[in-house]
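Asker: Structure incoming, see below.
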Amino acid sequence: MDKVQLLLALSIALFAIGLLGVIVRRNLLVMLMCMELMLNGVNLSLVTFAHQMGEAVGAVLVFLIFVVATAEIAVAIPIVLLLVKRKGSLDLAAYADLKG
Amino acid sequence: MIESLLSGLDTLLLLIFAAGALIGALLMIVLRQPMRVATALISTMVFLGGIYGLLGVHFIAAFQVLIYVGAVMVFMVYVIMLLDPRDPAIQQRFSKLLVPGVIGFVVLIFVLVGSTWKAATPVAPVGAGGFGLQQFAAAFLREYWLHFELTSVLLVAAIVAAVAVVKLQRRDRG
């Protein structure tokens, strides 16, 4: 197995496991962390292909993804705190009455 | 001889880091306590940083540890410590979507492997593999300066949004 293939398989596995976690877990914070895992899987594939092609473009995109992930967490965490204050629970089933 | 030994060590380290990252990701699905899940995610991120270092993109490895582990996950750990550990969501791990989720997981793996495997095989290293910080910085500030500026706008928007959400919380309470 080639190095690129190994890393690509790892990135696919990380992305799929992250998606599985988002669907399957109950806890809101764990779901957020699984989304971070998906972003990490995508980052790994970008770095792998940038390494394979010898170009810096993939690394630029990875850097932009870092910034977007930070902004996402900065907005998502206050929203989670607000929801928990209102419902008193992290359980996803408690938010079944949310619309839209 | 030393050369071949070093390349063998490289491969071994790559395998160890990949296995560590995968185990950390699997633990994230299985573990119950959010703090343990966060620790598993941190270990996965550190292993990924090691992989980036082995690939020769050291600055991305540094960013991975600094931004993801240092900023994002520390934020997450703070929030976990703020919240109640006797939450019912912690006692019960999985939602009702367990079976469809696992089926979707298997289908997704097949689709992704089937669609990307061909792209990974044929191309031999085109640019002799690897690029330095110099090349990255030149590409970043010459060709992608607009994106770089737009990220600062995005960060400002995120800060304003976070403050707005907190204000909303205050108005609700009072």
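Naming works like this for the structure tokens: A, B, ... for the chains as they're shown, residue 1 at the start of each chain, ligands 1 onward in shown order.
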Quick one: residues within 10 Å of B:Pro88, only C-alpha atoms, excluding same-chain residues fewer than 5 positions away - as a list in words?
Answerer: Arg26, Asn27, Ser89, Leu90 and Asp91 of chain A; Arg93 of chain B
Asker: Quick one: pick out all alpha helix (DSSP H) residues within stretch 4-173 of chain B from a backbone DSSP run and write them as a ChimeraX atom specification.
Answerer: /B:4-30,34-54,58-63,73-82,88-91,98-120,133-142,145-173
Asker: Identify, on the basis of only C-alpha atoms, every residue whose closest approach to A:Cys34 does not exceed 9 Å; exclude the query and any residue fewer than 5 positions from it along the same chain; express the result as a list of chain:residue names.
Answerer: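 Surrounding residues, per the criterion: A:Phe15, A:Ile17, A:Gly18, A:Leu19, A:Leu20, A:Gly21, A:Val22, A:Leu29, A:Leu39, B:Ala25, B:Met28, B:Ile29, B:Leu41.
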Asker: Using N, CA and C atoms, can you export the residues from the last selection as a CSV table (one decimal), in the first residue's frame?
Answerer:
chain,number,residue,atom,x,y,z
A,15,PHE,N,-13.5,11.1,8.1
A,15,PHE,CA,-14.7,11.8,7.6
A,15,PHE,C,-15.9,11.0,7.9
A,17,ILE,N,-16.3,8.4,10.0
A,17,ILE,CA,-16.6,8.2,11.4
A,17,ILE,C,-17.2,9.5,12.0
A,18,GLY,N,-16.7,10.7,11.6
A,18,GLY,CA,-17.2,11.9,12.1
A,18,GLY,C,-18.7,12.1,11.7
A,19,LEU,N,-19.0,11.7,10.5
A,19,LEU,CA,-20.5,11.8,10.1
A,19,LEU,C,-21.3,10.8,10.9
A,20,LEU,N,-20.8,9.6,11.1
A,20,LEU,CA,-21.5,8.6,11.9
A,20,LEU,C,-21.7,9.2,13.3
A,21,GLY,N,-20.7,9.9,13.9
A,21,GLY,CA,-20.9,10.4,15.2
A,21,GLY,C,-21.9,11.5,15.2
A,22,VAL,N,-22.0,12.4,14.2
A,22,VAL,CA,-23.0,13.4,14.2
A,22,VAL,C,-24.4,12.8,14.1
A,29,LEU,N,-22.6,18.5,22.4
A,29,LEU,CA,-21.2,18.8,22.3
A,29,LEU,C,-20.4,17.8,21.6
A,39,LEU,N,-13.9,17.8,9.6
A,39,LEU,CA,-13.0,18.9,9.1
A,39,LEU,C,-11.5,18.4,9.0
B,25,ALA,N,-10.4,8.3,16.8
B,25,ALA,CA,-11.7,8.6,16.2
B,25,ALA,C,-12.7,7.6,16.5
B,28,MET,N,-14.0,8.1,20.0
B,28,MET,CA,-15.0,9.2,20.1
B,28,MET,C,-16.4,8.8,19.9
B,29,ILE,N,-16.6,7.7,19.1
B,29,ILE,CA,-18.0,7.2,18.9
B,29,ILE,C,-18.4,6.4,20.2
B,41,LEU,N,-10.4,13.2,20.8
B,41,LEU,CA,-10.3,14.1,19.7
B,41,LEU,C,-9.0,14.8,19.7
Asker: At most 7 Å is the cut-off: for each residue in chain A with any atom that close to an atom of chain B, write down the nearest atom pair and the distance in Å rounded to one decimal, counting only C-alpha atoms, chain first then increasing number, as a tab-separated table.
Answerer:
residue	atom	partner	partner_atom	distance
A:Val4	CA	B:Ala120	CA	6.6
A:Gln5	CA	B:Ala120	CA	5.9
A:Leu10	CA	B:Ala18	CA	6.8
A:Ile12	CA	B:Leu112	CA	6.8
A:Leu14	CA	B:Ala25	CA	6.6
A:Ala16	CA	B:Phe105	CA	6.1
A:Ile17	CA	B:Ala25	CA	6.8
A:Leu20	CA	B:Gly101	CA	5.9
A:Gly21	CA	B:Ile29	CA	5.7
A:Ile23	CA	B:Gly101	CA	5.8
A:Val24	CA	B:Leu98	CA	5.1
A:Arg25	CA	B:Phe94	CA	4.7
A:Arg26	CA	B:Ser95	CA	5.1
A:Asn27	CA	B:Ala89	CA	5.3
A:Val30	CA	B:Pro34	CA	6.2
A:His51	CA	B:Gly130	CA	5.1
A:Gln52	CA	B:Pro125	CA	5.2
A:Met53	CA	B:Val126	CA	5.3
A:Gly54	CA	B:Gly127	CA	4.4
A:Glu55	CA	B:Phe131	CA	6.6
A:Ala56	CA	B:Phe136	CA	5.1
A:Val60	CA	B:Phe140	CA	6.3
A:Val67	CA	B:Thr151	CA	6.8
A:Thr70	CA	B:Val72	CA	6.3
A:Ala71	CA	B:Ala158	CA	5.4
A:Ile73	CA	B:Val72	CA	6.8
A:Ala74	CA	B:Ala162	CA	6.5
A:Val75	CA	B:Ala162	CA	5.2
A:Pro78	CA	B:Ala162	CA	6.4
A:Ile79	CA	B:Val165	CA	6.7
A:Leu82	CA	B:Gln169	CA	6.3
A:Ser89	CA	B:Asp87	CA	6.2
A:Leu90	CA	B:Ala89	CA	5.8
A:Asp91	CA	B:Ala89	CA	4.5
Asker: What is the atom CA of A:Tyr95 to atom CA of A:Asn40 distance in Å?
Answerer: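 Atom CA of A:Asn40 lies 27.5 Å from atom CA of A:Tyr95.
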Asker: Work out how far atom CA of B:Gly114 is from atom CA of A:Ile65, in Å to one decimal.
Answerer: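 Pair atom CA of A:Ile65 / atom CA of B:Gly114 returns 25.4 Å.
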Asker: Please compute the atom CA of B:Leu27-atom CA of A:Ala69 distance, one decimal, in Å.
Answerer: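 One can read the atom CA of B:Leu27 to atom CA of A:Ala69 distance as 21.9 Å.
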Asker: Choose the residue, out of B:Ala40, B:Met1, B:Leu12, B:Leu6, that has the smallest atom-to-atom separation from A:Leu37; count only C-alpha atoms.
Answerer: B:Ala40
